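S.K.: Got a file for you: structure_14.txt, compact mmCIF, C-alpha atoms.
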```
# COMPACT_ATOMS: atom_id res chain seq x y z
CA MET T 1 103.89 9.34 -25.76
CA ARG T 2 101.62 6.47 -26.80
CA PRO T 3 98.23 6.52 -25.01
CA PHE T 4 98.73 3.13 -23.32
CA PHE T 5 101.92 4.30 -21.61
CA ALA T 6 100.47 7.73 -20.86
CA GLY T 7 97.61 6.01 -19.02
CA ALA T 8 100.05 3.88 -17.02
CA ARG T 9 102.25 6.91 -16.28
CA ASP T 10 99.35 9.06 -15.07
CA THR T 11 98.38 6.21 -12.71
CA ILE T 12 101.79 6.14 -10.96
CA PRO T 13 100.61 8.24 -7.98
CA MET T 14 97.75 5.75 -7.51
CA LEU T 15 100.20 2.85 -7.69
CA VAL T 16 102.22 4.45 -4.90
CA GLY T 17 99.06 4.99 -2.86
CA ALA T 18 97.78 1.44 -3.41
CA ALA T 19 101.10 -0.32 -2.75
CA PRO T 20 100.98 -0.18 1.07
CA PHE T 21 97.41 -1.49 0.94
CA GLY T 22 98.40 -4.44 -1.17
CA VAL T 23 101.10 -5.23 1.38
CA ILE T 24 98.75 -4.71 4.34
CA PHE T 25 96.03 -6.80 2.68
CA GLY T 26 98.40 -9.70 2.04
CA THR T 27 99.82 -9.46 5.54
CA LEU T 28 96.42 -9.25 7.26
CA ALA T 29 94.92 -12.06 5.20
CA ILE T 30 97.73 -14.45 6.05
CA GLY T 31 97.57 -13.26 9.67
CA ALA T 32 93.80 -13.97 9.73
CA GLY T 33 94.43 -17.55 8.63
CA LEU T 34 93.49 -17.34 4.94
CA PRO T 35 95.39 -19.72 2.69
CA VAL T 36 97.83 -18.23 0.20
CA TRP T 37 95.71 -19.29 -2.83
CA LEU T 38 92.64 -17.44 -1.47
CA THR T 39 94.63 -14.30 -0.61
CA LEU T 40 96.17 -14.15 -4.09
CA GLY T 41 92.84 -15.21 -5.66
CA LEU T 42 90.96 -12.31 -4.06
CA SER T 43 93.46 -9.82 -5.50
CA ALA T 44 93.60 -11.48 -8.92
CA LEU T 45 89.87 -12.17 -9.46
CA VAL T 46 87.92 -9.74 -7.25
CA PHE T 47 90.45 -6.88 -7.49
CA ALA T 48 88.57 -4.47 -5.20
CA GLY T 49 90.65 -3.45 -2.20
CA SER T 50 88.11 -2.30 0.36
CA SER T 51 85.85 -5.32 -0.18
CA GLN T 52 88.88 -7.60 0.09
CA PHE T 53 89.72 -6.09 3.50
CA VAL T 54 86.11 -6.50 4.65
CA ALA T 55 86.08 -10.11 3.43
CA VAL T 56 89.22 -10.89 5.43
CA SER T 57 87.69 -9.54 8.62
CA LEU T 58 84.41 -11.40 7.97
CA LEU T 59 86.16 -14.67 7.14
CA GLY T 60 88.29 -14.28 10.27
CA GLY T 61 85.09 -13.71 12.29
CA GLY T 62 83.35 -16.76 10.83
CA ALA T 63 80.57 -14.92 8.98
CA ALA T 64 78.03 -16.78 6.82
CA VAL T 65 78.80 -16.94 3.09
CA PRO T 66 75.71 -14.90 1.97
CA VAL T 67 76.64 -12.17 4.46
CA ILE T 68 80.06 -11.86 2.83
CA TRP T 69 78.48 -11.69 -0.64
CA LEU T 70 75.97 -9.02 0.43
CA THR T 71 78.71 -6.97 2.10
CA THR T 72 80.78 -7.19 -1.07
CA PHE T 73 77.79 -5.95 -3.06
CA VAL T 74 77.22 -2.96 -0.76
CA VAL T 75 80.89 -2.01 -0.53
CA ASN T 76 81.43 -2.27 -4.30
CA LEU T 77 78.13 -0.76 -5.45
CA ARG T 78 79.86 2.53 -6.20
CA HIS T 79 81.47 0.81 -9.19
CA ALA T 80 78.06 0.80 -10.90
CA LEU T 81 78.17 4.59 -10.79
CA TYR T 82 81.69 4.55 -12.26
CA SER T 83 80.50 2.10 -14.92
CA ALA T 84 77.65 4.46 -15.82
CA THR T 85 79.86 7.55 -15.75
CA LEU T 86 82.41 6.01 -18.13
CA LEU T 87 79.77 4.56 -20.49
CA PRO T 88 79.65 7.65 -22.77
CA TYR T 89 83.37 7.11 -23.51
CA ALA T 90 83.00 3.34 -24.02
CA ARG T 91 79.69 3.17 -25.89
CA ALA T 92 81.34 2.81 -29.33
CA LEU T 93 84.02 0.29 -28.25
CA PRO T 94 83.82 -3.41 -29.27
CA ALA T 95 82.18 -5.66 -26.66
CA ARG T 96 85.44 -7.44 -25.77
CA TRP T 97 86.99 -4.09 -24.82
CA ARG T 98 84.03 -3.20 -22.59
CA TRP T 99 84.11 -6.64 -20.88
CA ALA T 100 87.84 -6.27 -20.22
CA LEU T 101 87.83 -2.64 -19.08
CA ALA T 102 84.88 -3.37 -16.75
CA PHE T 103 86.84 -6.16 -15.02
CA TRP T 104 89.65 -3.73 -14.13
CA LEU T 105 87.43 -0.81 -13.03
CA THR T 106 88.69 0.60 -9.70
CA ASP T 107 88.44 3.89 -7.77
CA GLU T 108 91.93 4.80 -8.91
CA THR T 109 91.57 4.02 -12.61
CA PHE T 110 88.17 5.70 -12.60
CA ALA T 111 89.67 8.88 -11.13
CA VAL T 112 92.55 8.96 -13.62
CA VAL T 113 90.61 7.93 -16.74
CA GLU T 114 87.45 9.97 -16.17
CA ASN T 115 89.58 13.08 -15.70
CA GLN T 116 91.50 12.39 -18.93
CA LEU T 117 88.53 11.40 -21.13
CA ARG T 118 86.53 14.45 -20.11
CA HIS T 119 89.13 16.61 -21.89
CA HIS T 120 90.44 14.31 -24.66
CA SER T 121 87.79 12.27 -26.37
CA SER T 122 89.42 10.31 -29.25
CA LEU T 123 87.85 6.84 -28.95
CA HIS T 124 90.92 4.87 -30.01
CA ASP T 125 93.43 6.75 -27.84
CA GLY T 126 91.01 6.93 -24.90
CA ALA T 127 90.53 3.15 -24.81
CA ARG T 128 94.28 2.51 -24.84
CA TYR T 129 94.88 5.15 -22.16
CA TRP T 130 92.19 3.44 -20.05
CA LEU T 131 93.75 0.00 -20.62
CA GLY T 132 97.19 1.31 -19.64
CA SER T 133 95.85 2.68 -16.36
CA SER T 134 93.89 -0.57 -15.72
CA LEU T 135 96.82 -2.93 -16.29
CA ALA T 136 99.20 -0.76 -14.26
CA MET T 137 96.80 -0.89 -11.29
CA TYR T 138 96.20 -4.62 -11.76
CA PHE T 139 99.82 -5.78 -11.88
CA ASN T 140 100.77 -3.35 -9.11
CA TRP T 141 98.06 -4.83 -6.87
CA GLN T 142 99.17 -8.43 -7.59
CA VAL T 143 102.83 -7.67 -6.90
CA TRP T 144 102.19 -5.88 -3.59
CA THR T 145 99.67 -8.50 -2.46
CA LEU T 146 102.34 -11.15 -3.02
CA ALA T 147 104.86 -9.00 -1.13
CA GLY T 148 102.35 -8.78 1.73
CA VAL T 149 101.84 -12.52 1.74
CA LEU T 150 105.59 -13.10 1.96
CA LEU T 151 105.91 -10.45 4.69
CA GLY T 152 102.95 -11.86 6.60
CA GLN T 153 104.62 -15.24 6.61
CA SER T 154 107.86 -13.81 8.03
CA VAL T 155 107.12 -10.57 9.99
CA PRO T 156 103.97 -10.52 12.16
CA GLY T 157 102.52 -7.16 13.34
CA LEU T 158 103.44 -5.04 10.33
CA ALA T 159 100.12 -3.18 10.02
CA THR T 160 100.83 -1.22 13.22
CA LEU T 161 103.46 0.92 11.45
CA GLY T 162 100.80 3.43 10.35
CA LEU T 163 100.78 2.50 6.66
CA ASN T 164 97.00 2.99 6.72
CA PHE T 165 97.68 6.68 6.22
CA ALA T 166 98.63 5.98 2.60
CA MET T 167 94.96 5.58 1.61
CA VAL T 168 93.92 8.78 3.43
CA ALA T 169 96.66 10.84 1.79
CA THR T 170 95.92 9.41 -1.66
CA PHE T 171 92.17 10.01 -1.58
CA ALA T 172 92.61 13.46 0.03
CA ALA T 173 95.03 14.50 -2.74
CA ILE T 174 92.68 13.28 -5.49
CA VAL T 175 89.63 14.97 -4.04
CA ALA T 176 91.45 18.26 -3.39
CA LEU T 177 92.27 18.48 -7.11
CA GLN T 178 88.61 17.85 -8.00
CA LEU T 179 87.21 20.74 -5.97
CA ARG T 180 87.05 22.95 -9.05
CA ASP T 181 83.77 24.77 -8.43
CA ARG T 182 81.34 25.58 -5.64
CA PRO T 183 78.75 22.82 -6.26
CA VAL T 184 81.49 20.14 -6.12
CA LEU T 185 82.84 21.72 -2.92
CA CYS T 186 79.33 21.65 -1.40
CA ALA T 187 78.92 18.00 -2.45
CA ALA T 188 82.24 17.09 -0.80
CA LEU T 189 81.44 18.95 2.44
CA ALA T 190 78.01 17.31 2.75
CA ALA T 191 79.38 13.86 1.98
CA GLY T 192 82.18 14.28 4.53
CA ALA T 193 79.79 15.44 7.25
CA VAL T 194 77.32 12.58 6.68
CA ALA T 195 80.13 10.02 6.47
CA LEU T 196 81.48 11.21 9.82
CA LEU T 197 78.04 11.06 11.50
CA ALA T 198 77.12 7.70 9.93
CA ARG T 199 80.52 6.00 10.31
CA ASP T 200 79.23 3.40 12.78
CA LEU T 201 76.50 2.06 10.48
CA PRO T 202 77.16 -1.57 9.48
CA TYR T 203 78.33 -2.83 6.09
CA LYS T 204 79.75 0.56 5.10
CA LEU T 205 76.18 1.80 4.59
CA GLY T 206 77.39 5.16 5.92
CA LEU T 207 79.51 5.47 2.78
CA MET T 208 76.50 4.96 0.49
CA LEU T 209 74.39 7.38 2.55
CA ALA T 210 77.16 10.00 2.45
CA ALA T 211 77.62 9.61 -1.30
CA MET T 212 73.89 10.10 -1.93
CA ALA T 213 73.80 13.14 0.39
CA GLY T 214 76.81 14.61 -1.39
CA VAL T 215 75.33 14.12 -4.86
CA ALA T 216 72.00 15.62 -3.81
CA THR T 217 73.74 18.61 -2.21
CA GLY T 218 75.86 19.13 -5.30
CA MET T 219 72.79 19.21 -7.53
CA LEU T 220 70.96 21.61 -5.19
CA ALA T 221 74.04 23.85 -5.07
CA GLU T 222 74.29 23.72 -8.87
CA ALA T 223 70.68 24.89 -9.19
CA TRP T 224 71.22 27.59 -6.56
CA PHE T 225 74.53 28.99 -7.86
CA GLY T 226 73.35 28.61 -11.45
CA ARG T 227 70.39 30.88 -10.68
CA ALA T 228 72.57 33.37 -8.78
CA GLN T 229 75.02 33.48 -11.68
CA ALA T 230 72.24 33.96 -14.26
CA SER T 231 70.64 36.85 -12.34
CA ALA T 232 74.06 38.50 -11.82
CA GLN T 233 74.62 38.36 -15.57
CA GLU T 234 71.20 39.89 -16.17
CA GLU T 235 72.01 42.78 -13.83
CA ALA T 236 75.37 43.34 -15.50
CA GLY T 237 73.86 43.25 -18.99
CA PRO T 238 72.55 46.24 -20.97
CA MET Z 1 91.22 -26.57 -0.99
CA ASN Z 2 88.38 -25.66 1.38
CA SER Z 3 85.09 -25.60 -0.59
CA THR Z 4 83.51 -22.83 1.56
CA TRP Z 5 86.42 -20.54 0.78
CA ALA Z 6 86.11 -21.34 -2.91
CA LEU Z 7 82.38 -20.49 -2.69
CA VAL Z 8 83.12 -17.16 -0.97
CA LEU Z 9 85.65 -16.25 -3.66
CA ALA Z 10 83.38 -17.27 -6.55
CA GLY Z 11 80.45 -15.25 -5.18
CA MET Z 12 82.61 -12.17 -4.62
CA VAL Z 13 83.91 -12.40 -8.20
CA VAL Z 14 80.37 -12.68 -9.65
CA VAL Z 15 79.00 -9.81 -7.52
CA THR Z 16 81.91 -7.44 -8.15
CA TYR Z 17 82.30 -8.16 -11.86
CA GLY Z 18 78.52 -7.93 -12.31
CA ILE Z 19 78.46 -4.45 -10.78
CA ARG Z 20 81.36 -3.30 -12.96
CA LEU Z 21 79.78 -4.78 -16.10
CA SER Z 22 76.36 -3.28 -15.39
CA PHE Z 23 76.41 -0.15 -17.50
CA LEU Z 24 79.59 -0.67 -19.50
CA VAL Z 25 78.38 -3.91 -21.11
CA PHE Z 26 74.62 -4.16 -20.56
CA GLY Z 27 73.77 -0.47 -20.63
CA HIS Z 28 75.30 0.45 -23.97
CA ARG Z 29 71.92 0.90 -25.63
CA LEU Z 30 70.67 3.17 -22.85
CA THR Z 31 70.68 6.93 -23.17
CA PHE Z 32 71.36 8.83 -20.04
CA PRO Z 33 68.83 11.40 -18.82
CA GLY Z 34 70.51 14.77 -18.29
CA TRP Z 35 69.79 14.94 -14.57
CA LEU Z 36 71.53 11.58 -14.01
CA GLU Z 37 74.63 12.73 -15.88
CA ARG Z 38 74.70 15.90 -13.76
CA ALA Z 39 74.29 13.79 -10.61
CA LEU Z 40 77.19 11.51 -11.56
CA ARG Z 41 79.48 14.53 -11.83
CA TYR Z 42 79.41 14.74 -8.01
CA VAL Z 43 80.04 11.04 -7.33
CA PRO Z 44 83.86 11.01 -7.21
CA ALA Z 45 84.20 14.01 -4.88
CA ALA Z 46 81.35 12.74 -2.66
CA VAL Z 47 82.64 9.16 -2.37
CA LEU Z 48 86.30 10.10 -1.86
CA THR Z 49 85.48 12.74 0.76
CA ALA Z 50 83.18 10.25 2.48
CA LEU Z 51 86.12 7.83 2.68
CA VAL Z 52 88.66 10.44 3.83
CA VAL Z 53 86.81 12.45 6.49
CA PRO Z 54 86.05 9.64 8.98
CA MET Z 55 89.58 8.27 8.61
CA ALA Z 56 91.19 11.69 9.16
CA LEU Z 57 88.97 12.88 12.03
CA ALA Z 58 88.23 9.54 13.72
CA PRO Z 59 90.97 7.05 12.81
CA GLN Z 60 90.26 4.92 15.90
CA GLY Z 61 86.45 5.14 15.61
CA ALA Z 62 85.85 8.09 17.96
CA VAL Z 63 86.37 11.70 16.81
CA ASP Z 64 89.91 12.68 17.82
CA LEU Z 65 90.93 16.34 17.40
CA SER Z 66 93.88 16.04 19.82
CA LEU Z 67 97.57 16.40 18.99
CA HIS Z 68 97.87 12.61 19.11
CA ASN Z 69 95.87 12.21 15.89
CA ALA Z 70 98.62 12.47 13.26
CA TYR Z 71 96.10 11.63 10.50
CA LEU Z 72 94.57 15.09 10.80
CA PRO Z 73 97.68 17.26 10.18
CA GLY Z 74 98.84 14.75 7.57
CA THR Z 75 95.55 15.01 5.67
CA VAL Z 76 95.47 18.81 5.93
CA ALA Z 77 99.03 18.91 4.57
CA ALA Z 78 98.11 16.63 1.65
CA VAL Z 79 95.15 18.86 0.73
CA ALA Z 80 97.24 22.04 1.10
CA VAL Z 81 100.06 20.70 -1.12
CA ALA Z 82 97.47 19.54 -3.67
CA PHE Z 83 95.96 23.04 -3.86
CA ILE Z 84 99.37 24.68 -4.20
CA SER Z 85 101.20 22.24 -6.50
CA ARG Z 86 98.25 20.68 -8.42
CA GLN Z 87 100.31 17.45 -8.29
CA THR Z 88 98.82 14.31 -6.72
CA LEU Z 89 102.15 12.63 -5.99
CA ALA Z 90 103.59 15.78 -4.36
CA ALA Z 91 100.45 16.01 -2.22
CA ILE Z 92 100.73 12.39 -1.07
CA LEU Z 93 104.43 12.83 -0.23
CA GLY Z 94 103.75 16.13 1.57
CA GLY Z 95 101.04 14.45 3.63
CA PHE Z 96 103.36 11.57 4.47
CA VAL Z 97 106.21 13.87 5.57
CA VAL Z 98 103.93 15.82 7.92
CA TYR Z 99 102.29 12.62 9.20
CA GLY Z 100 105.66 10.97 9.83
CA LEU Z 101 107.21 14.01 11.52
CA TRP Z 102 104.10 14.49 13.65
CA ARG Z 103 104.18 10.92 14.91
CA TRP Z 104 107.92 11.05 15.46
CA LEU Z 105 107.74 14.34 17.44
CA LEU Z 106 104.53 13.84 19.40
CA VAL Z 107 103.62 10.20 19.88
```
Can you give me the file's structure in the form of structure tokens?
M.R.:
Amino acid sequence: MRPFFAGARDTIPMLVGAAPFGVIFGTLAIGAGLPVWLTLGLSALVFAGSSQFVAVSLLGGGAAVPVIWLTTFVVNLRHALYSATLLPYARALPARWRWALAFWLTDETFAVVENQLRHHSSLHDGARYWLGSSLAMYFNWQVWTLAGVLLGQSVPGLATLGLNFAMVATFAAIVALQLRDRPVLCAALAAGAVALLARDLPYKLGLMLAAMAGVATGMLAEAWFGRAQASAQEEAGP
Amino acid sequence: MNSTWALVLAGMVVVTYGIRLSFLVFGHRLTFPGWLERALRYVPAAVLTALVVPMALAPQGAVDLSLHNAYLPGTVAAVAVAFISRQTLAAILGGFVVYGLWRWLLV
């Protein structure tokens, strides 16, 4: 299969997971009084689900414009880490490719593409795989946002059906498949614990705090288990 | 068209695209120190778990370990199916089935 289509195909589970959120976002935004052009514009030009949800609640609550910008920065800051993580695979690409792929960088495409590029590193195929995943996520998000807008205009109260669980199930499934060694498991446990304790901090700062705690724990665990493994090998040796 | 709304949208686009461009476009001449590359290896698992745990254990804001919290068995089922099948889609569907049945039977 050609890399572009392979990238889109491997993103299908993420499309399924994101779909309810596109619908909920469109529905909530219309319900909160946003005009249709702004609701569709957020999905088409910002293209970052969690910050779009936060913006809807802030706009509905009459927040100041700089507050909305700062919140967007904090909520989306994790994309800088994705950008840095994917740089080794993009370093040799033409600038127009890097500008385009950066625009479409999301949690979902990052998860799919990073996993693929770590194992298969042909530059040409990797870029097309990445683009396939990006465009699949992008058009999926636009379509379901539009569906949400249309639903929001006709059926009020749709978000109470429990569709929020889609995001939990999607992220839980992704992370479960990433727990491949003990340091990563330690990182996940620490991040989860801190996120739970810090969940009431404003602006999703708890998420940033939890991510940093998880990364630090992972590195400490790596040093610890690395040493334990090395000394075990010494004992087993001649 | 309300100009404040247009301003909000424009600022969000600049901020978000700027973050995404940071390393991919402006960092291409940088070489990564080894410790930073090792640190980034833990970012996906840390961020995703940080998103999942509060939603699964405290979907309404307060920690809820009662039978009425269908998010918890649904999430546990998704993780269990992921470990067994190694398939993301199967895990999501498994989580949904348990979540739906749980709500239908208990709420």
S.K.: Compute the chain T side of the contact with chain Z at 7 Å, counting all atoms listed in the file, and hand it back as a PDB file with C-alpha atoms, keeping the file's coordinate frame.
M.R.:
```
ATOM      1  CA  PRO T  13     100.610   8.240  -7.980  1.00  0.00           C
ATOM      2  CA  LEU T  42      90.960 -12.310  -4.060  1.00  0.00           C
ATOM      3  CA  LEU T  45      89.870 -12.170  -9.460  1.00  0.00           C
ATOM      4  CA  VAL T  46      87.920  -9.740  -7.250  1.00  0.00           C
ATOM      5  CA  VAL T  65      78.800 -16.940   3.090  1.00  0.00           C
ATOM      6  CA  TRP T  69      78.480 -11.690  -0.640  1.00  0.00           C
ATOM      7  CA  THR T  72      80.780  -7.190  -1.070  1.00  0.00           C
ATOM      8  CA  PHE T  73      77.790  -5.950  -3.060  1.00  0.00           C
ATOM      9  CA  ASN T  76      81.430  -2.270  -4.300  1.00  0.00           C
ATOM     10  CA  LEU T  77      78.130  -0.760  -5.450  1.00  0.00           C
ATOM     11  CA  HIS T  79      81.470   0.810  -9.190  1.00  0.00           C
ATOM     12  CA  ALA T  80      78.060   0.800 -10.900  1.00  0.00           C
ATOM     13  CA  SER T  83      80.500   2.100 -14.920  1.00  0.00           C
ATOM     14  CA  ALA T  84      77.650   4.460 -15.820  1.00  0.00           C
ATOM     15  CA  THR T  85      79.860   7.550 -15.750  1.00  0.00           C
ATOM     16  CA  LEU T  87      79.770   4.560 -20.490  1.00  0.00           C
ATOM     17  CA  ALA T  90      83.000   3.340 -24.020  1.00  0.00           C
ATOM     18  CA  ARG T  91      79.690   3.170 -25.890  1.00  0.00           C
ATOM     19  CA  ALA T  95      82.180  -5.660 -26.660  1.00  0.00           C
ATOM     20  CA  ARG T  98      84.030  -3.200 -22.590  1.00  0.00           C
ATOM     21  CA  TRP T  99      84.110  -6.640 -20.880  1.00  0.00           C
ATOM     22  CA  ALA T 102      84.880  -3.370 -16.750  1.00  0.00           C
ATOM     23  CA  PHE T 103      86.840  -6.160 -15.020  1.00  0.00           C
ATOM     24  CA  LEU T 105      87.430  -0.810 -13.030  1.00  0.00           C
ATOM     25  CA  PHE T 165      97.680   6.680   6.220  1.00  0.00           C
ATOM     26  CA  VAL T 168      93.920   8.780   3.430  1.00  0.00           C
ATOM     27  CA  ALA T 169      96.660  10.840   1.790  1.00  0.00           C
ATOM     28  CA  THR T 170      95.920   9.410  -1.660  1.00  0.00           C
ATOM     29  CA  PHE T 171      92.170  10.010  -1.580  1.00  0.00           C
ATOM     30  CA  ALA T 172      92.610  13.460   0.030  1.00  0.00           C
ATOM     31  CA  ALA T 173      95.030  14.500  -2.740  1.00  0.00           C
ATOM     32  CA  ILE T 174      92.680  13.280  -5.490  1.00  0.00           C
ATOM     33  CA  VAL T 175      89.630  14.970  -4.040  1.00  0.00           C
ATOM     34  CA  ALA T 176      91.450  18.260  -3.390  1.00  0.00           C
ATOM     35  CA  LEU T 177      92.270  18.480  -7.110  1.00  0.00           C
ATOM     36  CA  GLN T 178      88.610  17.850  -8.000  1.00  0.00           C
ATOM     37  CA  VAL T 184      81.490  20.140  -6.120  1.00  0.00           C
ATOM     38  CA  ALA T 187      78.920  18.000  -2.450  1.00  0.00           C
ATOM     39  CA  ALA T 188      82.240  17.090  -0.800  1.00  0.00           C
ATOM     40  CA  ALA T 191      79.380  13.860   1.980  1.00  0.00           C
ATOM     41  CA  GLY T 192      82.180  14.280   4.530  1.00  0.00           C
ATOM     42  CA  ALA T 195      80.130  10.020   6.470  1.00  0.00           C
ATOM     43  CA  LEU T 196      81.480  11.210   9.820  1.00  0.00           C
ATOM     44  CA  ARG T 199      80.520   6.000  10.310  1.00  0.00           C
ATOM     45  CA  LEU T 207      79.510   5.470   2.780  1.00  0.00           C
ATOM     46  CA  ALA T 210      77.160  10.000   2.450  1.00  0.00           C
ATOM     47  CA  ALA T 211      77.620   9.610  -1.300  1.00  0.00           C
ATOM     48  CA  GLY T 214      76.810  14.610  -1.390  1.00  0.00           C
ATOM     49  CA  VAL T 215      75.330  14.120  -4.860  1.00  0.00           C
ATOM     50  CA  GLY T 218      75.860  19.130  -5.300  1.00  0.00           C
ATOM     51  CA  MET T 219      72.790  19.210  -7.530  1.00  0.00           C
TER      52      MET T 219
END
```
S.K.: Need the shell around T:Leu28: protein/DNA/RNA residues with any atom at most 10 Å away, counting all atoms listed in the file. Skip same-chain ones fewer than 2 positions apart. Format as number ranges by chain?
M.R.: T: 22-26, 30-34, 39, 53, 56-57, 148-149, 151-152, 156-159
S.K.: Based on the selection just made, write C-alpha atoms of those residues as a PDB file, in the coordinates of the input.
M.R.:
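To be explicit, this is the file written out as result.pdb:
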```pdb
ATOM      1  CA  GLY T  22      98.400  -4.440  -1.170  1.00  0.00           C
ATOM      2  CA  VAL T  23     101.100  -5.230   1.380  1.00  0.00           C
ATOM      3  CA  ILE T  24      98.750  -4.710   4.340  1.00  0.00           C
ATOM      4  CA  PHE T  25      96.030  -6.800   2.680  1.00  0.00           C
ATOM      5  CA  GLY T  26      98.400  -9.700   2.040  1.00  0.00           C
ATOM      6  CA  ILE T  30      97.730 -14.450   6.050  1.00  0.00           C
ATOM      7  CA  GLY T  31      97.570 -13.260   9.670  1.00  0.00           C
ATOM      8  CA  ALA T  32      93.800 -13.970   9.730  1.00  0.00           C
ATOM      9  CA  GLY T  33      94.430 -17.550   8.630  1.00  0.00           C
ATOM     10  CA  LEU T  34      93.490 -17.340   4.940  1.00  0.00           C
ATOM     11  CA  THR T  39      94.630 -14.300  -0.610  1.00  0.00           C
ATOM     12  CA  PHE T  53      89.720  -6.090   3.500  1.00  0.00           C
ATOM     13  CA  VAL T  56      89.220 -10.890   5.430  1.00  0.00           C
ATOM     14  CA  SER T  57      87.690  -9.540   8.620  1.00  0.00           C
ATOM     15  CA  GLY T 148     102.350  -8.780   1.730  1.00  0.00           C
ATOM     16  CA  VAL T 149     101.840 -12.520   1.740  1.00  0.00           C
ATOM     17  CA  LEU T 151     105.910 -10.450   4.690  1.00  0.00           C
ATOM     18  CA  GLY T 152     102.950 -11.860   6.600  1.00  0.00           C
ATOM     19  CA  PRO T 156     103.970 -10.520  12.160  1.00  0.00           C
ATOM     20  CA  GLY T 157     102.520  -7.160  13.340  1.00  0.00           C
ATOM     21  CA  LEU T 158     103.440  -5.040  10.330  1.00  0.00           C
ATOM     22  CA  ALA T 159     100.120  -3.180  10.020  1.00  0.00           C
TER      23      ALA T 159
END
```
S.K.: Rounded to one decimal place, report the atom CA of T:Leu40-atom CA of T:Val143 distance in Å.
M.R.: 9.7 Å
S.K.: For the atom pair atom CA of T:Met14 and atom CA of T:Gln52, what is the interatomic distance in Å to one decimal place?
M.R.: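 So the two atoms, atom CA of T:Met14 and atom CA of T:Gln52, lie 17.7 Å apart.
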S.K.: Centre and edge lengths of an axis-aligned box around all listed atoms of stretch 118-135 of chain T, with 8 Å added on each side, are to be given in Å to one decimal, as AutoDock Vina command-line options.
M.R.:
```
--center_x 91.9 --center_y 6.8 --center_z -22.9 --size_x 26.7 --size_y 35.5 --size_z 30.3
```
